[in-house]
>>> print(open('query_28.cif').read())   # mmCIF, C-alpha atoms and all ligand atoms
data_data
loop_
_atom_site.label_atom_id
_atom_site.label_comp_id
_atom_site.auth_asym_id
_atom_site.auth_seq_id
_atom_site.Cartn_x
_atom_site.Cartn_y
_atom_site.Cartn_z
CA MET A 1 10.60 -67.79 11.34
CA ALA A 2 14.05 -68.68 10.09
CA LYS A 3 16.65 -66.10 11.09
CA ILE A 4 18.99 -64.87 8.40
CA LEU A 5 22.11 -62.90 9.23
CA VAL A 6 22.47 -60.06 6.73
CA THR A 7 25.97 -58.61 6.90
CA GLY A 8 26.10 -55.16 5.34
CA GLY A 9 22.33 -55.09 5.82
CA MET A 10 22.30 -51.31 6.21
CA GLY A 11 23.87 -50.82 2.79
CA TYR A 12 22.29 -50.39 -0.61
CA ILE A 13 21.67 -53.99 -1.68
CA GLY A 14 21.59 -55.27 1.90
CA SER A 15 18.74 -52.98 2.96
CA HIS A 16 16.60 -53.94 -0.03
CA THR A 17 17.27 -57.59 0.74
CA VAL A 18 16.18 -57.11 4.37
CA VAL A 19 12.80 -55.94 3.03
CA GLU A 20 12.44 -58.91 0.69
CA LEU A 21 13.40 -61.36 3.46
CA VAL A 22 10.59 -59.98 5.62
CA ASN A 23 8.18 -60.12 2.66
CA SER A 24 9.03 -63.82 2.35
CA GLY A 25 8.58 -64.67 6.03
CA TYR A 26 12.22 -64.68 7.17
CA GLU A 27 13.56 -62.77 10.15
CA PRO A 28 16.55 -60.69 9.11
CA VAL A 29 19.31 -60.01 11.62
CA ILE A 30 21.31 -57.04 10.40
CA VAL A 31 25.04 -56.82 11.04
CA ASP A 32 26.84 -53.71 9.87
CA ASP A 33 29.76 -51.58 11.05
CA LEU A 34 28.18 -48.46 9.51
CA SER A 35 31.47 -47.64 7.78
CA ASN A 36 29.66 -47.04 4.49
CA SER A 37 26.04 -46.75 5.56
CA HIS A 38 23.85 -44.49 7.69
CA PRO A 39 22.37 -45.46 11.08
CA LYS A 40 19.04 -43.89 10.09
CA ILE A 41 18.53 -46.59 7.46
CA LEU A 42 17.26 -48.66 10.40
CA GLU A 43 14.40 -46.17 10.85
CA GLN A 44 13.72 -46.20 7.14
CA LEU A 45 13.57 -49.99 7.17
CA THR A 46 11.25 -49.84 10.17
CA LYS A 47 8.85 -47.66 8.17
CA ILE A 48 8.80 -50.16 5.32
CA ILE A 49 8.58 -53.45 7.21
CA GLY A 50 6.50 -52.22 10.15
CA TYR A 51 8.86 -53.19 12.94
CA LYS A 52 12.42 -52.45 14.00
CA PRO A 53 14.69 -55.23 12.77
CA ILE A 54 17.40 -56.71 14.95
CA PHE A 55 20.63 -54.80 14.38
CA HIS A 56 24.14 -55.47 15.65
CA GLN A 57 26.82 -52.87 15.00
CA VAL A 58 29.81 -55.13 14.52
CA ASP A 59 33.08 -54.83 12.65
CA LEU A 60 33.44 -58.31 11.18
CA CYS A 61 37.22 -57.86 11.02
CA ASP A 62 37.22 -57.97 14.83
CA GLU A 63 37.48 -61.67 15.69
CA LYS A 64 36.31 -61.24 19.30
CA ALA A 65 33.33 -59.19 18.22
CA VAL A 66 32.39 -61.92 15.76
CA ALA A 67 32.69 -64.55 18.51
CA ASN A 68 30.25 -62.48 20.59
CA LEU A 69 27.94 -62.15 17.64
CA VAL A 70 27.96 -65.91 17.09
CA ALA A 71 27.22 -66.48 20.79
CA THR A 72 24.25 -64.09 20.61
CA GLU A 73 22.93 -65.18 17.23
CA ASN A 74 23.47 -68.90 17.57
CA ASP A 75 20.29 -70.12 15.90
CA ILE A 76 20.53 -68.64 12.44
CA ALA A 77 19.57 -70.66 9.37
CA GLY A 78 21.47 -68.61 6.86
CA ILE A 79 23.93 -65.83 6.18
CA ILE A 80 23.81 -63.36 3.33
CA HIS A 81 27.22 -61.75 3.24
CA PHE A 82 27.19 -58.30 1.63
CA ALA A 83 29.58 -56.52 3.97
CA ALA A 84 32.62 -55.49 1.92
CA PHE A 85 34.37 -52.49 0.44
CA LYS A 86 33.44 -52.04 -3.21
CA ALA A 87 35.07 -48.98 -4.78
CA VAL A 88 37.29 -50.20 -7.59
CA GLY A 89 39.49 -47.08 -7.84
CA GLU A 90 40.02 -46.87 -4.08
CA SER A 91 41.03 -50.53 -4.01
CA VAL A 92 43.82 -49.79 -6.49
CA GLN A 93 45.04 -46.95 -4.24
CA HIS A 94 44.68 -48.88 -0.98
CA PRO A 95 44.93 -52.60 -1.73
CA LEU A 96 45.66 -53.67 1.84
CA LYS A 97 42.61 -51.85 3.12
CA TYR A 98 40.55 -53.96 0.69
CA TYR A 99 42.31 -57.26 1.31
CA ARG A 100 42.14 -56.77 5.05
CA ASN A 101 38.49 -55.79 5.19
CA ASN A 102 37.03 -58.13 2.60
CA PHE A 103 39.03 -61.21 3.65
CA TYR A 104 39.18 -60.82 7.45
CA SER A 105 35.44 -60.33 7.59
CA LEU A 106 34.73 -63.38 5.44
CA ILE A 107 37.18 -65.57 7.32
CA ASN A 108 35.94 -64.50 10.75
CA LEU A 109 32.37 -65.12 9.75
CA LEU A 110 33.09 -68.57 8.28
CA ASN A 111 35.20 -69.46 11.27
CA GLY A 112 32.56 -68.21 13.70
CA TYR A 113 29.77 -70.37 12.32
CA TYR A 114 32.01 -73.29 11.31
CA GLY A 115 30.40 -76.68 11.93
CA LYS A 116 26.86 -75.34 12.12
CA SER A 117 24.42 -76.09 9.32
CA VAL A 118 24.24 -72.68 7.74
CA ASN A 119 23.28 -71.69 4.21
CA PHE A 120 25.67 -69.04 2.97
CA VAL A 121 24.88 -66.61 0.16
CA PHE A 122 27.82 -64.57 -1.09
CA SER A 123 27.70 -61.23 -2.82
CA SER A 124 29.99 -61.62 -5.83
CA SER A 125 30.29 -59.66 -9.04
CA CYS A 126 30.38 -60.00 -12.81
CA THR A 127 33.74 -58.29 -12.50
CA VAL A 128 35.18 -61.83 -12.24
CA TYR A 129 34.56 -62.27 -15.99
CA GLY A 130 36.57 -59.21 -17.07
CA GLN A 131 35.81 -58.66 -20.77
CA PRO A 132 34.26 -61.99 -21.75
CA GLU A 133 34.91 -63.42 -25.19
CA GLN A 134 31.32 -64.55 -25.60
CA LEU A 135 28.20 -62.59 -24.77
CA PRO A 136 25.96 -63.05 -22.97
CA VAL A 137 28.41 -64.48 -20.45
CA THR A 138 27.53 -67.76 -18.73
CA GLU A 139 28.63 -68.89 -15.28
CA ASP A 140 31.14 -71.34 -16.74
CA ALA A 141 33.01 -68.65 -18.68
CA PRO A 142 36.61 -68.41 -17.50
CA VAL A 143 37.35 -66.14 -14.57
CA GLN A 144 39.84 -63.55 -15.86
CA PRO A 145 42.84 -62.20 -13.98
CA ALA A 146 41.44 -59.51 -11.69
CA GLN A 147 41.80 -55.90 -12.86
CA SER A 148 41.75 -54.50 -9.32
CA PRO A 149 42.24 -55.58 -5.70
CA TYR A 150 38.47 -55.22 -5.31
CA GLY A 151 37.88 -57.69 -8.15
CA ASN A 152 40.52 -59.96 -6.71
CA THR A 153 38.73 -60.08 -3.35
CA LYS A 154 35.58 -61.33 -5.13
CA GLN A 155 37.46 -64.00 -7.08
CA VAL A 156 39.46 -65.26 -4.11
CA ALA A 157 36.42 -65.17 -1.82
CA GLU A 158 34.61 -67.47 -4.24
CA GLU A 159 37.60 -69.82 -4.06
CA ILE A 160 37.66 -69.68 -0.26
CA LEU A 161 33.98 -70.60 -0.17
CA LYS A 162 34.49 -73.51 -2.58
CA ASP A 163 37.36 -74.76 -0.40
CA MET A 164 35.14 -74.52 2.68
CA VAL A 165 32.50 -76.70 1.06
CA ALA A 166 35.09 -79.18 -0.24
CA SER A 167 36.57 -79.49 3.25
CA GLY A 168 33.37 -81.11 4.49
CA SER A 169 32.09 -78.22 6.56
CA ASN A 170 28.32 -78.03 6.97
CA TYR A 171 28.10 -74.91 4.85
CA LYS A 172 26.04 -74.89 1.68
CA VAL A 173 27.16 -71.95 -0.41
CA ILE A 174 25.73 -69.96 -3.29
CA SER A 175 27.73 -67.17 -4.90
CA LEU A 176 25.69 -64.57 -6.74
CA ARG A 177 27.47 -62.63 -9.47
CA TYR A 178 25.74 -59.28 -9.75
CA PHE A 179 25.73 -57.27 -12.91
CA ASN A 180 24.90 -53.56 -12.36
CA PRO A 181 22.34 -53.00 -9.59
CA VAL A 182 20.47 -49.69 -9.88
CA GLY A 183 17.17 -48.14 -8.80
CA ALA A 184 15.51 -47.98 -5.41
CA HIS A 185 12.61 -49.35 -3.39
CA GLU A 186 9.15 -48.22 -4.56
CA SER A 187 8.60 -46.46 -1.22
CA ALA A 188 11.60 -44.21 -2.00
CA LEU A 189 12.61 -44.68 1.66
CA ILE A 190 15.80 -46.59 0.87
CA GLY A 191 18.20 -46.44 -2.04
CA GLU A 192 21.82 -46.02 -3.01
CA LEU A 193 23.60 -43.57 -0.72
CA PRO A 194 27.03 -42.79 -2.13
CA ILE A 195 29.46 -41.05 0.19
CA GLY A 196 31.11 -38.15 -1.63
CA VAL A 197 31.24 -38.06 -5.42
CA PRO A 198 29.45 -41.09 -6.86
CA GLN A 199 31.59 -43.46 -8.91
CA ASN A 200 28.70 -45.34 -10.47
CA LEU A 201 26.60 -44.21 -13.39
CA VAL A 202 23.06 -43.97 -12.05
CA PRO A 203 23.75 -42.05 -8.81
CA PHE A 204 25.83 -39.67 -10.92
CA ILE A 205 22.89 -39.23 -13.29
CA THR A 206 20.38 -38.52 -10.50
CA GLN A 207 22.75 -36.15 -8.66
CA THR A 208 23.32 -34.26 -11.90
CA ALA A 209 19.59 -34.09 -12.59
CA ILE A 210 18.89 -32.65 -9.14
CA GLY A 211 21.69 -30.11 -9.46
CA LYS A 212 24.25 -31.56 -7.02
CA ARG A 213 26.62 -32.08 -9.95
CA GLU A 214 27.02 -29.71 -12.85
CA LYS A 215 27.24 -32.35 -15.55
CA ILE A 216 27.86 -35.99 -16.20
CA THR A 217 30.61 -37.28 -18.44
CA VAL A 218 30.03 -40.31 -20.64
CA PHE A 219 33.27 -42.25 -20.38
CA GLY A 220 34.01 -42.85 -24.05
CA ASP A 221 31.90 -43.05 -27.22
CA THR A 222 34.31 -44.81 -29.55
CA TYR A 223 33.98 -48.34 -28.18
CA ASN A 224 33.10 -51.15 -30.54
CA THR A 225 29.40 -51.00 -29.63
CA PRO A 226 26.38 -49.77 -31.66
CA ASP A 227 26.48 -46.22 -30.24
CA GLY A 228 30.13 -46.27 -29.12
CA SER A 229 29.46 -46.14 -25.37
CA CYS A 230 29.99 -49.05 -22.94
CA ILE A 231 27.31 -51.66 -22.42
CA ARG A 232 26.24 -53.11 -19.06
CA ASP A 233 23.44 -55.32 -17.76
CA TYR A 234 21.53 -53.01 -15.39
CA ILE A 235 19.29 -54.79 -12.89
CA HIS A 236 16.73 -53.28 -10.52
CA VAL A 237 17.94 -53.65 -6.93
CA VAL A 238 14.56 -55.06 -5.83
CA ASP A 239 14.78 -57.84 -8.44
CA LEU A 240 18.32 -58.46 -7.24
CA ALA A 241 17.21 -58.55 -3.59
CA LYS A 242 14.50 -61.10 -4.43
CA ALA A 243 17.13 -63.37 -5.98
CA HIS A 244 18.75 -63.68 -2.54
CA VAL A 245 15.54 -65.11 -1.16
CA SER A 246 15.42 -67.55 -4.10
CA ALA A 247 19.03 -68.54 -3.37
CA LEU A 248 18.21 -69.25 0.28
CA LYS A 249 15.23 -71.35 -0.74
CA LEU A 250 17.38 -73.37 -3.13
CA ALA A 251 20.06 -73.93 -0.47
CA GLU A 252 17.39 -75.10 1.98
CA LYS A 253 16.52 -78.05 -0.27
CA ASP A 254 18.02 -81.41 0.67
CA SER A 255 18.76 -81.94 -3.01
CA PHE A 256 21.11 -78.93 -2.98
CA THR A 257 24.53 -79.80 -1.70
CA GLY A 258 27.85 -78.05 -1.83
CA TYR A 259 28.46 -74.96 -3.90
CA ASP A 260 26.95 -73.18 -6.87
CA VAL A 261 27.19 -69.85 -8.63
CA PHE A 262 24.58 -67.78 -10.47
CA ASN A 263 24.51 -64.69 -12.66
CA LEU A 264 22.09 -62.01 -11.55
CA GLY A 265 21.20 -59.71 -14.41
CA THR A 266 18.39 -59.15 -16.87
CA GLY A 267 20.16 -60.87 -19.74
CA LYS A 268 20.04 -57.64 -21.72
CA GLY A 269 22.69 -54.98 -22.21
CA SER A 270 22.14 -51.21 -22.30
CA SER A 271 24.66 -48.59 -23.32
CA VAL A 272 25.52 -45.53 -21.24
CA LEU A 273 23.78 -43.33 -23.81
CA GLU A 274 20.69 -45.55 -23.71
CA VAL A 275 20.58 -45.28 -19.93
CA ILE A 276 20.79 -41.50 -20.14
CA ALA A 277 18.03 -41.45 -22.77
CA ALA A 278 15.87 -43.75 -20.62
CA PHE A 279 16.36 -41.45 -17.64
CA GLU A 280 15.36 -38.37 -19.63
CA GLN A 281 12.37 -40.07 -21.15
CA THR A 282 11.04 -41.60 -17.94
CA THR A 283 11.52 -38.58 -15.73
CA GLY A 284 11.11 -35.76 -18.24
CA VAL A 285 14.32 -34.20 -16.86
CA LYS A 286 17.01 -33.14 -19.33
CA LEU A 287 20.51 -34.18 -18.36
CA ASN A 288 23.55 -32.01 -18.88
CA TYR A 289 26.03 -34.52 -20.23
CA GLN A 290 29.22 -34.47 -22.26
CA ILE A 291 31.35 -37.10 -23.92
CA GLY A 292 34.73 -37.63 -22.28
CA PRO A 293 37.63 -40.04 -22.62
CA PRO A 294 37.26 -43.70 -21.63
CA ARG A 295 37.74 -44.54 -17.94
CA PRO A 296 40.89 -46.61 -17.45
CA GLY A 297 40.12 -50.24 -16.68
CA ASP A 298 36.55 -50.14 -17.98
CA VAL A 299 35.23 -53.25 -19.68
CA GLU A 300 33.72 -52.45 -23.09
CA GLN A 301 30.60 -54.55 -22.87
CA VAL A 302 29.18 -57.21 -20.62
CA TRP A 303 25.78 -58.70 -20.01
CA GLY A 304 24.76 -61.92 -18.42
CA ASP A 305 23.23 -65.16 -19.54
CA VAL A 306 20.55 -65.75 -16.91
CA THR A 307 19.30 -69.14 -18.11
CA LYS A 308 20.81 -70.97 -15.16
CA SER A 309 19.35 -68.51 -12.64
CA SER A 310 15.92 -68.77 -14.16
CA GLU A 311 16.03 -72.58 -14.31
CA LYS A 312 17.64 -73.41 -10.97
CA LEU A 313 16.73 -70.42 -8.80
CA GLY A 314 13.31 -70.12 -10.38
CA TRP A 315 13.91 -66.39 -10.50
CA LYS A 316 13.83 -63.76 -13.16
CA THR A 317 13.75 -60.00 -13.27
CA GLU A 318 10.45 -58.15 -13.50
CA LEU A 319 11.43 -54.48 -13.60
CA GLY A 320 12.74 -52.68 -16.67
CA LEU A 321 15.07 -49.76 -17.29
CA ASP A 322 12.16 -47.31 -17.00
CA VAL A 323 11.36 -48.39 -13.42
CA MET A 324 15.08 -48.48 -12.59
CA MET A 325 15.35 -44.84 -13.66
CA SER A 326 12.09 -43.57 -12.17
CA SER A 327 12.72 -45.23 -8.80
CA ALA A 328 16.31 -43.95 -8.65
CA TRP A 329 14.94 -40.47 -9.39
CA GLU A 330 12.21 -40.68 -6.73
CA TRP A 331 14.84 -41.71 -4.19
CA GLU A 332 17.16 -38.86 -5.19
CA LYS A 333 14.33 -36.35 -4.73
CA TYR A 334 13.37 -37.90 -1.40
CA ILE A 335 16.87 -37.88 0.03
CA ASN A 336 17.41 -34.34 -1.19
CA GLN A 337 14.35 -33.16 0.73
CA ASN A 338 14.88 -35.45 3.72
CA PRO A 339 18.63 -35.70 4.31
CA LEU A 340 19.47 -38.45 6.76
C1 LIG B 401 31.95 -51.02 -11.38
C2 LIG B 401 33.10 -51.95 -11.26
C3 LIG B 401 32.59 -53.30 -10.89
C4 LIG B 401 31.87 -53.23 -9.58
C5 LIG B 401 30.77 -52.20 -9.65
C6 LIG B 401 30.30 -51.96 -8.24
C7 LIG B 401 34.83 -51.09 -12.77
C8 LIG B 401 35.64 -51.37 -14.00
N1 LIG B 401 33.88 -51.99 -12.47
O1 LIG B 401 31.13 -51.49 -12.44
O2 LIG B 401 33.66 -54.20 -10.76
O3 LIG B 401 31.33 -54.47 -9.25
O4 LIG B 401 31.25 -50.97 -10.17
O5 LIG B 401 29.35 -51.00 -8.17
O6 LIG B 401 35.03 -50.10 -12.14
N2 LIG B 401 29.98 -44.27 -16.57
C9 LIG B 401 30.02 -43.06 -17.23
N3 LIG B 401 30.08 -41.92 -16.49
C10 LIG B 401 30.09 -41.93 -15.12
C11 LIG B 401 30.05 -43.17 -14.44
C12 LIG B 401 30.00 -44.33 -15.20
O7 LIG B 401 30.00 -43.02 -18.47
O8 LIG B 401 30.15 -40.86 -14.51
C13 LIG B 401 29.91 -45.51 -17.34
C14 LIG B 401 31.07 -46.46 -17.15
O9 LIG B 401 32.11 -46.18 -18.06
C15 LIG B 401 30.41 -47.81 -17.42
C16 LIG B 401 28.95 -47.59 -16.98
O10 LIG B 401 28.77 -46.20 -16.91
O11 LIG B 401 30.40 -48.07 -18.78
C17 LIG B 401 28.69 -48.20 -15.62
O12 LIG B 401 29.67 -47.74 -14.72
P1 LIG B 401 29.61 -48.05 -13.16
O13 LIG B 401 28.27 -47.68 -12.65
O14 LIG B 401 30.79 -47.41 -12.54
O15 LIG B 401 29.71 -49.63 -13.09
P2 LIG B 401 30.80 -50.62 -13.69
O16 LIG B 401 32.00 -49.93 -14.17
O17 LIG B 401 30.11 -51.49 -14.66
#
>>> encode(input="query_28.cif", output="structure tokens")
Amino acid sequence: MAKILVTGGMGYIGSHTVVELVNSGYEPVIVDDLSNSHPKILEQLTKIIGYKPIFHQVDLCDEKAVANLVATENDIAGIIHFAAFKAVGESVQHPLKYYRNNFYSLINLLNGYYGKSVNFVFSSSCTVYGQPEQLPVTEDAPVQPAQSPYGNTKQVAEEILKDMVASGSNYKVISLRYFNPVGAHESALIGELPIGVPQNLVPFITQTAIGKREKITVFGDTYNTPDGSCIRDYIHVVDLAKAHVSALKLAEKDSFTGYDVFNLGTGKGSSVLEVIAAFEQTTGVKLNYQIGPPRPGDVEQVWGDVTKSSEKLGWKTELGLDVMMSSAWEWEKYINQNPL
């Protein structure tokens, strides 16, 4: 069984990817500093996959700790690098915290495994496109000046990885640009676990529905979109997780060399009001929502062209907005009754 290092493997997307790696016959090795995840996720994963996965609690910003990790895990075939800070607003407030964490960890990891033949899958974001001129946005659309230090870390990390490949290292690298991952595993044992007040739409919806929040505000209804609210490409986290396995399989091929980048979305946009309506319809729960002013820095509308992903990764999404909403809701109910 090929071992795959999953940094940030205790987090939202990381944990779902651990499950899909096991389903595809890989052996995940989780690395996480638990700064934005809960230690009990390991038990939850154990319930799903049937055994306790290897877990190293390591801060990837600590160079010595990474050297130890490399010495211990010296026979890995691949790395999926999720571990990073991701709150846009916080990154504007604390840029150095973001630059330090997201770059030191990447650099230490690349340095640690330098020279070994390792396939590297990087967790990037559609944030690199800003507001694209053409929709759906393709991978060769221009990368826009970053709107936040968080976005900048994704753009520069992609450049660092390209430079690594160009330098003749043995890394093969695939950057995956995620659109908006939502939903939870069908077992409802893992899901998104925001610390404090959620910043993202779907956890805010589910927390409002369960009564943790009084109401949800739709950030703006006068955008130039059919119903006036912003449009995003929401993708079920399990579909997203499966794309990481497809990326590893592509990188394993001798015919794949160097570096490539793929959009991970459904190829279809949904507005905030459509998401709210889908939640209400799928779950039968009425949401207390109000229309508020636009959120500064928000992109009006973005959804991805996924032709390249479907052709080269041989991957496409299977789960629709209804399953995204129902699974997010099942997870919210579970975690409310079984706090970690
Ligand atoms: C945000 C980041 C993106 C990052 C992603 C990580 C920005 C501008 N973008 O994406 O770079 O990769 O998070 O998770 O911050 N909304 C409401 N009410 C709410 C919350 C959200 O109406 O209470 C709306 C937003 O205006 C947006 C949509 O819901 O139109 C999705 O918002 P969110 O879940 O925060 O994701 P993004 O802003 O797309």
>>> closest_residue(input="query_28.cif", among="A:Ala166, A:Leu135, A:Ile13, A:Leu340", to="ligand LIG 401 (chain B)", atoms="all atoms listed in the file")
A:Ile13
>>> residues_near_ligand(input="query_28.cif", ligand="ligand LIG 401 (chain B)", cutoff="8 Å", atoms="all atoms listed in the file", output="PyMOL selection string")
chain A and resi 86-89+125-128+147+150-151+178-181+198-202+204-205+216-220+229-232+271-272+294-301
>>> atom_distance(input="query_28.cif", atom1="CA of Val92 (chain A)", atom2="CA of Gln155 (chain A)")
15.6 Å
>>> axis_aligned_box(input="query_28.cif", around="region 93-98 of chain A", padding_each_side="8 Å", output="lines of an AutoDock Vina configuration file")
center_x = 43.1
center_y = -50.5
center_z = -0.6
size_x = 21.1
size_y = 23.0
size_z = 23.4
>>> closest_residue(input="query_28.cif", among="A:Ile335, A:Val165, A:Ile41, A:Leu5", to="Ile210 (chain A)", atoms="only C-alpha atoms")
A:Ile335
>>> residues_near_point(input="query_28.cif", point="(17.4, -36.9, -1.1)", cutoff="12 Å", atoms="all atoms listed in the file", output="PyMOL selection string")
chain A and resi 188-194+203+206-207+210-212+328-340
>>> write_last_selection(input="query_28.cif", atoms="C-alpha atoms", output="compact mmCIF listing (two decimals), in the frame of the given file")
# COMPACT_ATOMS: atom_id res chain seq x y z
CA ALA A 188 11.60 -44.21 -2.00
CA LEU A 189 12.61 -44.68 1.66
CA ILE A 190 15.80 -46.59 0.87
CA GLY A 191 18.20 -46.44 -2.04
CA GLU A 192 21.82 -46.02 -3.01
CA LEU A 193 23.60 -43.57 -0.72
CA PRO A 194 27.03 -42.79 -2.13
CA PRO A 203 23.75 -42.05 -8.81
CA THR A 206 20.38 -38.52 -10.50
CA GLN A 207 22.75 -36.15 -8.66
CA ILE A 210 18.89 -32.65 -9.14
CA GLY A 211 21.69 -30.11 -9.46
CA LYS A 212 24.25 -31.56 -7.02
CA ALA A 328 16.31 -43.95 -8.65
CA TRP A 329 14.94 -40.47 -9.39
CA GLU A 330 12.21 -40.68 -6.73
CA TRP A 331 14.84 -41.71 -4.19
CA GLU A 332 17.16 -38.86 -5.19
CA LYS A 333 14.33 -36.35 -4.73
CA TYR A 334 13.37 -37.90 -1.40
CA ILE A 335 16.87 -37.88 0.03
CA ASN A 336 17.41 -34.34 -1.19
CA GLN A 337 14.35 -33.16 0.73
CA ASN A 338 14.88 -35.45 3.72
CA PRO A 339 18.63 -35.70 4.31
CA LEU A 340 19.47 -38.45 6.76
>>> closest_residue(input="query_28.cif", among="A:Met10, A:Leu69, A:Ala2, A:Leu176", to="His38 (chain A)", atoms="only C-alpha atoms")
A:Met10
>>> residues_near_point(input="query_28.cif", point="(12.5, -55.3, -8.9)", cutoff="9 Å", atoms="all atoms listed in the file", output="number ranges by chain")
A: 183-186, 235-242, 317-320, 323-324
>>> write_last_selection(input="query_28.cif", atoms="C-alpha atoms", output="JSON list (two decimals), keeping the file's coordinate frame")
[["chain", "number", "residue", "atom", "x", "y", "z"],
["A", 183, "GLY", "CA", 17.17, -48.14, -8.80],
["A", 184, "ALA", "CA", 15.51, -47.98, -5.41],
["A", 185, "HIS", "CA", 12.61, -49.35, -3.39],
["A", 186, "GLU", "CA", 9.15, -48.22, -4.56],
["A", 235, "ILE", "CA", 19.29, -54.79, -12.89],
["A", 236, "HIS", "CA", 16.73, -53.28, -10.52],
["A", 237, "VAL", "CA", 17.94, -53.65, -6.93],
["A", 238, "VAL", "CA", 14.56, -55.06, -5.83],
["A", 239, "ASP", "CA", 14.78, -57.84, -8.44],
["A", 240, "LEU", "CA", 18.32, -58.46, -7.24],
["A", 241, "ALA", "CA", 17.21, -58.55, -3.59],
["A", 242, "LYS", "CA", 14.50, -61.10, -4.43],
["A", 317, "THR", "CA", 13.75, -60.00, -13.27],
["A", 318, "GLU", "CA", 10.45, -58.15, -13.50],
["A", 319, "LEU", "CA", 11.43, -54.48, -13.60],
["A", 320, "GLY", "CA", 12.74, -52.68, -16.67],
["A", 323, "VAL", "CA", 11.36, -48.39, -13.42],
["A", 324, "MET", "CA", 15.08, -48.48, -12.59]]
>>> closest_residue(input="query_28.cif", among="A:Ala146, A:Ile79, A:Thr138, A:Ile160", to="Asn102 (chain A)", atoms="only C-alpha atoms")
A:Ile160
>>> closest_residue(input="query_28.cif", among="A:Thr17, A:Ser35, A:Asn74, A:Asn119", to="Ala251 (chain A)", atoms="all atoms listed in the file")
A:Asn119
>>> residues_around(input="query_28.cif", residues="Lys52 (chain A)", least_positions_apart="3", cutoff="8 Å", atoms="all atoms listed in the file", output="PyMOL selection string")
chain A and resi 42-43+45-46+49
>>> closest_residue(input="query_28.cif", among="A:Leu273, A:Glu63, A:Lys286, A:Val118", to="Asp75 (chain A)", atoms="all atoms listed in the file")
A:Val118
>>> atom_distance(input="query_28.cif", atom1="CA of Asn68 (chain A)", atom2="CA of Tyr259 (chain A)")
27.5 Å
>>> build_atoms(input="query_28.cif", residues="region 297-301 of chain A", atoms="all heavy atoms", output="short mmCIF file (atom, residue, chain, number, x, y, z; two decimals), in the coordinates of the input")
data_model
loop_
_atom_site.label_atom_id
_atom_site.label_comp_id
_atom_site.auth_asym_id
_atom_site.auth_seq_id
_atom_site.Cartn_x
_atom_site.Cartn_y
_atom_site.Cartn_z
N GLY A 297 40.55 -48.99 -17.32
CA GLY A 297 40.12 -50.24 -16.68
C GLY A 297 38.70 -50.66 -17.00
O GLY A 297 38.28 -51.75 -16.63
N ASP A 298 37.93 -49.78 -17.69
CA ASP A 298 36.55 -50.14 -17.98
C ASP A 298 36.47 -51.29 -18.98
O ASP A 298 37.21 -51.33 -19.96
CB ASP A 298 35.79 -48.95 -18.57
CG ASP A 298 34.83 -48.32 -17.58
OD1 ASP A 298 34.61 -48.92 -16.51
OD2 ASP A 298 34.32 -47.22 -17.87
N VAL A 299 35.55 -52.19 -18.73
CA VAL A 299 35.23 -53.25 -19.68
C VAL A 299 34.32 -52.64 -20.75
O VAL A 299 33.47 -51.80 -20.45
CB VAL A 299 34.52 -54.39 -18.90
CG1 VAL A 299 33.70 -55.26 -19.80
CG2 VAL A 299 35.54 -55.20 -18.12
N GLU A 300 34.51 -53.06 -22.01
CA GLU A 300 33.72 -52.45 -23.09
C GLU A 300 32.24 -52.83 -23.01
O GLU A 300 31.36 -51.99 -23.02
CB GLU A 300 34.29 -52.92 -24.43
CG GLU A 300 33.55 -52.38 -25.62
CD GLU A 300 34.22 -52.84 -26.91
OE1 GLU A 300 35.12 -52.14 -27.38
OE2 GLU A 300 33.85 -53.92 -27.42
N GLN A 301 32.00 -54.13 -22.91
CA GLN A 301 30.60 -54.55 -22.87
C GLN A 301 30.47 -55.89 -22.15
O GLN A 301 31.27 -56.79 -22.34
CB GLN A 301 30.01 -54.65 -24.27
CG GLN A 301 30.86 -55.32 -25.30
CD GLN A 301 30.23 -55.18 -26.70
OE1 GLN A 301 29.02 -55.27 -26.85
NE2 GLN A 301 31.07 -54.95 -27.70
#
